[in-house]
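Encoded as structure tokens, the structure appears first; notes follow it.
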Protein chains: 2
Amino acid sequence: MHMKTGVEQSVYAILLLNMLPNKAVLSGEAISQQLNASPTYYQKLLRKLVSADLIASVPGVKGGFRLKKRPEDICVYDIYLAIEGRQSLYSPSGILGDLLELEKNEYGCLLTDLMNEAESAWKTVMKRETIASLAQKMEEERFQPKAAELQQWLNEKMLVQERSGNR
Amino acid sequence: MHMKTGVEQSVYAILLLNMLPNKAVLSGEAISQQLNASPTYYQKLLRKLVSADLIASVPGVKGGFRLKKRPEDICVYDIYLAIEGRQSLYSPSGILGDLLELEKNEYGCLLTDLMNEAESAWKTVMKRETIASLAQKMEEERFQPKAAELQQWLNEKMLVQERSGNR
DNA sequence: GCTATCACGGATAATTATTATCCGCGTTAA
DNA sequence: TTAACGCGGATAATAATTATCCGTGATAGC
């Protein structure tokens, strides 16, 4: 039982997008390259984030991705949900039914309530942290030197929308 | 991301063992048969429960398994731990390190604290329910008729230790 | 308009985690 | 001594996850 690594990868992708100036986008390939991950699979992740309305995509030559919400309106749970989906961590397998030969529609599991509560406790914590609060953590001293480099790289790789100057 | 079904199976196995009288054991095969699951895999689960000191095993001809602790001293989390192990639901994959080119031993993930808290919230809920409280739920009215049958079956299948009468 | 670059989405392959089986061993009741 | 049990390692089958490929549609620059 392990959370998909796609959740973490998505969080960092969104953190990257959060560093973009307005009207700028970053291509999926640039993102995956910077995050050192499989480009094609990353595209899949990014599309899930698009479906979840967390980021927006722009097709075409200078296309790419950008945030669709304010960083303080995207929490870790939103990203978790976008990637992992709504399927719950536990679903009863009907053993109790076998054990007691219950009918199908009878209450079939002693654990369901407990596990649902547990899962909701887990999710509640994930709702606490947002992209904004994570970005703030990234601005701590020790990250500063490299963060400047990163910003530099972004400025080179980002694609600006509309008919305005580029690079 | 889904909890192993082995956790649920183990809970019900332990509930079965909890219905045994003192000094009686139930063979792994009887358990798996009653719970309608793969016998060989069930043996593996049972051994994990033995390692975790939740149940005891008796080798030899009239051997089998029995509880090792009182039902009120076994919580769902204990069983979860026995089956799922200590590996946490989330472990950072070092992406932030790539992103900021951090050294190996620097604090490498913005999510670790949050996810650890989330996991511990999830585990906390699982600590609330015990085998005793689950057994109590099973004694509710609607389960009664079948529970009696089950007890009957247990009386037939259980193996009694020491040189005393059997069956 | 034409072309190169991007996202899209379906099909499919590779990899990893989980579930399940097999077999030879040690133990013990009869 | 034998048959019924748990033990533990090796290994196979299955399912979930991660990764790739390829044809399509959109758009900026020419």
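In the structure tokens, each chain is lettered A, B, ... as it comes, each chain's residues begin at 1, and ligands are numbered from 1 in order of appearance.
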Report task. Can you check which residues of chain A have any atom within 9 Å of chain D? Use only C-alpha atoms (C1' of nucleotides) and format it as a PyMOL selection string. Result -> chain A and resi 4+38-41+58-63+163
What are the residues of chain C lining chain A at 6 Å or less? Count only C-alpha atoms (C1' of nucleotides), and put the answer as a CSV table (one decimal) with C-alpha atoms (C1' of nucleotides), in the first residue's frame.
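Wrote selection.csv, looks like this:
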```
chain,number,residue,atom,x,y,z
C,5,DT,C1',5.3,22.6,-32.1
C,6,DC,C1',2.4,21.8,-28.7
C,7,DA,C1',-1.6,19.2,-26.0
```
Counting only C-alpha atoms, which residues of chain B sit at most 6 Å from some atom of chain A, and what is each one's closest atom pair with its distance in Å to one decimal, listed by chain and rising residue number, as JSON lines?
```
{"residue": "B:Met1", "atom": "CA", "partner": "A:Met3", "partner_atom": "CA", "distance": 5.6}
{"residue": "B:His2", "atom": "CA", "partner": "A:Leu89", "partner_atom": "CA", "distance": 4.5}
{"residue": "B:Met3", "atom": "CA", "partner": "A:Leu89", "partner_atom": "CA", "distance": 5.6}
{"residue": "B:Leu35", "atom": "CA", "partner": "A:Leu99", "partner_atom": "CA", "distance": 6.0}
{"residue": "B:Leu89", "atom": "CA", "partner": "A:His2", "partner_atom": "CA", "distance": 4.5}
{"residue": "B:Tyr90", "atom": "CA", "partner": "A:Met3", "partner_atom": "CA", "distance": 5.6}
{"residue": "B:Leu99", "atom": "CA", "partner": "A:Leu35", "partner_atom": "CA", "distance": 6.0}
{"residue": "B:Leu100", "atom": "CA", "partner": "A:Lys146", "partner_atom": "CA", "distance": 5.2}
{"residue": "B:Ala118", "atom": "CA", "partner": "A:Trp122", "partner_atom": "CA", "distance": 4.5}
{"residue": "B:Glu119", "atom": "CA", "partner": "A:Trp122", "partner_atom": "CA", "distance": 6.0}
{"residue": "B:Ala121", "atom": "CA", "partner": "A:Ala121", "partner_atom": "CA", "distance": 5.6}
{"residue": "B:Trp122", "atom": "CA", "partner": "A:Ala118", "partner_atom": "CA", "distance": 4.5}
{"residue": "B:Val125", "atom": "CA", "partner": "A:Ala118", "partner_atom": "CA", "distance": 5.1}
{"residue": "B:Lys146", "atom": "CA", "partner": "A:Leu100", "partner_atom": "CA", "distance": 5.3}
```
Let me see the file: selected residues, C-alpha atoms, as an mmCIF file, in the first residue's frame.
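In the end it all went to selection.cif:
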```
data_model
loop_
_atom_site.group_PDB
_atom_site.id
_atom_site.type_symbol
_atom_site.label_atom_id
_atom_site.label_comp_id
_atom_site.auth_asym_id
_atom_site.auth_seq_id
_atom_site.Cartn_x
_atom_site.Cartn_y
_atom_site.Cartn_z
ATOM 1 C CA MET B 1 -3.729 2.970 -3.845
ATOM 2 C CA HIS B 2 -5.663 0.444 -1.904
ATOM 3 C CA MET B 3 -5.269 -1.320 1.416
ATOM 4 C CA LEU B 35 -13.741 -17.332 5.052
ATOM 5 C CA LEU B 89 1.982 5.415 2.725
ATOM 6 C CA TYR B 90 4.175 8.114 1.321
ATOM 7 C CA LEU B 99 14.701 20.464 -8.708
ATOM 8 C CA LEU B 100 16.973 22.393 -6.408
ATOM 9 C CA ALA B 118 -1.929 12.492 7.554
ATOM 10 C CA GLU B 119 -0.824 8.922 7.935
ATOM 11 C CA ALA B 121 -4.264 10.562 11.666
ATOM 12 C CA TRP B 122 -5.357 7.583 9.601
ATOM 13 C CA VAL B 125 -8.620 6.110 13.910
ATOM 14 C CA LYS B 146 -26.227 -17.078 11.528
#
```
Fit chain B to chain A, all Cα atoms paired in order, least squares. Then write it as a short mmCIF file (atom, residue, chain, number, x, y, z; two decimals) with C-alpha atoms, in the first residue's frame.
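What landed in superposed-v2.cif:
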```cif
data_model
loop_
_atom_site.label_atom_id
_atom_site.label_comp_id
_atom_site.auth_asym_id
_atom_site.auth_seq_id
_atom_site.Cartn_x
_atom_site.Cartn_y
_atom_site.Cartn_z
CA MET B 1 0.10 -0.03 0.08
CA HIS B 2 1.75 3.09 -1.10
CA MET B 3 0.61 6.42 -2.47
CA LYS B 4 1.25 6.81 -6.17
CA THR B 5 4.44 8.69 -6.87
CA GLY B 6 2.40 10.67 -9.35
CA VAL B 7 0.94 12.68 -6.50
CA GLU B 8 4.30 13.97 -5.42
CA GLN B 9 5.35 14.58 -9.00
CA SER B 10 2.20 16.55 -9.60
CA VAL B 11 2.73 18.69 -6.54
CA TYR B 12 6.15 19.72 -7.78
CA ALA B 13 4.88 20.32 -11.28
CA ILE B 14 2.28 22.66 -9.88
CA LEU B 15 4.88 24.38 -7.74
CA LEU B 16 6.87 24.99 -10.90
CA LEU B 17 3.86 26.41 -12.69
CA ASN B 18 3.26 28.61 -9.70
CA MET B 19 6.58 30.32 -10.34
CA LEU B 20 5.51 31.42 -13.80
CA PRO B 21 4.54 35.03 -14.44
CA ASN B 22 1.09 35.80 -15.74
CA LYS B 23 0.18 34.68 -19.25
CA ALA B 24 3.18 32.41 -19.43
CA VAL B 25 3.02 28.66 -19.88
CA LEU B 26 5.47 25.80 -19.61
CA SER B 27 5.49 22.80 -21.92
CA GLY B 28 4.98 19.34 -20.55
CA GLU B 29 8.36 18.32 -21.79
CA ALA B 30 10.12 21.18 -20.04
CA ILE B 31 8.39 20.28 -16.80
CA SER B 32 9.26 16.62 -16.95
CA GLN B 33 12.80 17.44 -17.93
CA GLN B 34 13.27 19.70 -14.94
CA LEU B 35 11.71 17.16 -12.61
CA ASN B 36 13.76 14.40 -14.07
CA ALA B 37 10.88 12.11 -14.86
CA SER B 38 9.41 10.18 -17.74
CA PRO B 39 8.03 12.78 -20.19
CA THR B 40 5.22 10.71 -21.60
CA TYR B 41 3.94 9.61 -18.25
CA TYR B 42 4.18 13.14 -16.98
CA GLN B 43 1.90 14.25 -19.77
CA LYS B 44 -0.67 11.82 -18.44
CA LEU B 45 -0.39 13.26 -14.98
CA LEU B 46 -0.69 16.79 -16.28
CA ARG B 47 -3.83 15.88 -18.12
CA LYS B 48 -5.36 14.54 -14.95
CA LEU B 49 -4.61 17.86 -13.34
CA VAL B 50 -6.27 19.58 -16.27
CA SER B 51 -9.36 17.41 -15.87
CA ALA B 52 -9.44 18.32 -12.22
CA ASP B 53 -9.37 21.97 -13.21
CA LEU B 54 -6.21 22.67 -11.26
CA ILE B 55 -4.17 23.68 -14.27
CA ALA B 56 -5.07 24.89 -17.74
CA SER B 57 -3.54 23.76 -20.98
CA VAL B 58 -2.93 25.68 -24.17
CA PRO B 59 -2.54 23.72 -27.40
CA GLY B 60 -0.56 24.87 -30.39
CA VAL B 61 2.94 26.01 -31.05
CA LYS B 62 3.62 28.11 -27.99
CA GLY B 63 1.34 26.02 -25.86
CA GLY B 64 1.87 24.46 -22.49
CA PHE B 65 0.42 24.50 -19.01
CA ARG B 66 -0.30 27.13 -16.43
CA LEU B 67 -2.14 27.30 -13.12
CA LYS B 68 -5.85 27.69 -13.29
CA LYS B 69 -6.43 28.62 -9.67
CA ARG B 70 -4.66 30.78 -7.19
CA PRO B 71 -1.98 28.91 -5.25
CA GLU B 72 -3.84 29.41 -1.99
CA ASP B 73 -6.86 27.71 -3.53
CA ILE B 74 -5.06 24.51 -4.42
CA CYS B 75 -4.43 22.14 -1.56
CA VAL B 76 -2.45 18.94 -1.52
CA TYR B 77 -5.66 17.01 -1.24
CA ASP B 78 -6.92 18.45 -4.51
CA ILE B 79 -3.87 17.08 -6.21
CA TYR B 80 -4.17 13.76 -4.42
CA LEU B 81 -7.75 13.52 -5.59
CA ALA B 82 -6.86 14.41 -9.16
CA ILE B 83 -4.26 11.66 -9.36
CA GLU B 84 -5.54 8.93 -7.08
CA GLY B 85 -9.19 9.40 -7.85
CA ARG B 86 -12.14 8.85 -5.59
CA GLN B 87 -11.65 5.18 -4.97
CA SER B 88 -11.30 4.71 -1.25
CA LEU B 89 -8.35 3.16 0.49
CA TYR B 90 -10.51 0.38 1.77
CA SER B 91 -13.45 -1.39 0.27
CA PRO B 92 -15.08 -4.36 1.90
CA SER B 93 -14.64 -7.61 0.07
CA GLY B 94 -17.77 -9.25 1.30
CA ILE B 95 -16.12 -11.70 3.64
CA LEU B 96 -18.57 -11.04 6.41
CA GLY B 97 -21.31 -11.86 3.96
CA ASP B 98 -19.71 -15.22 3.35
CA LEU B 99 -19.25 -15.75 7.02
CA LEU B 100 -22.81 -15.03 8.00
CA GLU B 101 -24.42 -15.84 4.69
CA LEU B 102 -26.02 -12.46 4.50
CA GLU B 103 -28.11 -11.27 1.63
CA LYS B 104 -26.38 -8.99 -0.84
CA ASN B 105 -27.99 -5.78 0.27
CA GLU B 106 -27.49 -6.24 3.96
CA TYR B 107 -24.86 -4.23 5.70
CA GLY B 108 -21.88 -6.27 4.76
CA CYS B 109 -18.86 -5.13 6.67
CA LEU B 110 -17.94 -4.34 10.22
CA LEU B 111 -14.99 -2.24 9.15
CA THR B 112 -16.50 0.13 6.63
CA ASP B 113 -17.43 2.90 9.03
CA LEU B 114 -14.13 2.82 10.81
CA MET B 115 -12.06 2.77 7.66
CA ASN B 116 -14.06 5.58 6.14
CA GLU B 117 -13.38 7.67 9.19
CA ALA B 118 -9.71 6.82 9.06
CA GLU B 119 -9.53 7.79 5.43
CA SER B 120 -11.31 11.02 6.01
CA ALA B 121 -8.88 11.86 8.83
CA TRP B 122 -6.03 11.24 6.42
CA LYS B 123 -7.60 13.45 3.80
CA THR B 124 -8.35 16.19 6.28
CA VAL B 125 -4.67 16.64 7.02
CA MET B 126 -3.90 16.86 3.33
CA LYS B 127 -6.35 19.70 3.00
CA ARG B 128 -4.32 21.83 5.37
CA GLU B 129 -1.39 22.53 3.11
CA THR B 130 -1.75 24.49 -0.08
CA ILE B 131 0.49 25.31 -3.00
CA ALA B 132 0.85 28.76 -1.50
CA SER B 133 2.09 27.41 1.81
CA LEU B 134 4.41 24.96 0.11
CA ALA B 135 5.81 27.70 -2.09
CA GLN B 136 6.49 29.71 1.02
CA LYS B 137 8.49 26.83 2.47
CA MET B 138 10.52 26.76 -0.69
CA GLU B 139 11.48 30.33 -0.16
CA GLU B 140 13.37 29.52 2.99
CA GLU B 141 16.98 30.57 3.16
CA ARG B 142 18.62 27.27 2.42
CA PHE B 143 16.73 26.91 -0.84
CA GLN B 144 17.43 30.44 -1.98
CA PRO B 145 20.56 30.06 -4.14
CA LYS B 146 19.15 27.21 -6.17
CA ALA B 147 15.72 28.75 -6.36
CA ALA B 148 17.19 31.72 -8.14
CA GLU B 149 18.79 29.42 -10.69
CA LEU B 150 15.49 27.70 -11.13
CA GLN B 151 13.72 30.98 -11.76
CA GLN B 152 16.34 31.76 -14.38
CA TRP B 153 15.73 28.46 -16.10
CA LEU B 154 12.01 29.12 -16.05
CA ASN B 155 12.49 32.48 -17.72
CA GLU B 156 14.29 30.74 -20.53
CA LYS B 157 11.91 27.86 -20.96
CA MET B 158 8.58 29.51 -20.49
CA LEU B 159 6.44 30.43 -23.44
CA VAL B 160 4.53 33.65 -23.38
CA GLN B 161 1.00 33.80 -24.71
CA GLU B 162 -0.52 36.44 -27.06
CA ARG B 163 1.37 38.45 -29.63
CA SER B 164 3.90 39.99 -27.34
CA GLY B 165 7.65 39.66 -27.10
CA ASN B 166 9.02 36.24 -26.26
CA ARG B 167 12.10 34.87 -24.43
#
```
Report task. Step one, run DSSP on the backbone; step two, keep only residues of chain A assigned to helix (DSSP H, G or I); then write them as a ChimeraX atom specification. Result -> /A:5-18,28-35,39-51,71-73,76-84,95-100,112-126,131-138,141-157
**Report entry** Residue list (strand (DSSP E), DSSP) for region 21-131 of chain B, as a VMD selection string
**Finding:** chain B and resid 24 to 25 55 to 58 64 to 67
Go ahead and write the selection's residues with C-alpha atoms as a compact mmCIF listing (two decimals), in the first residue's frame.
```txt
# COMPACT_ATOMS: atom_id res chain seq x y z
CA ALA B 24 -8.97 -24.72 21.62
CA VAL B 25 -7.34 -24.00 18.29
CA ILE B 55 -2.13 -15.05 17.59
CA ALA B 56 -0.28 -18.16 18.67
CA SER B 57 0.28 -21.27 16.63
CA VAL B 58 0.50 -24.88 17.73
CA GLY B 64 -3.78 -24.72 14.74
CA PHE B 65 -4.13 -21.13 15.79
CA ARG B 66 -5.58 -19.32 18.75
CA LEU B 67 -5.57 -15.77 20.07
```
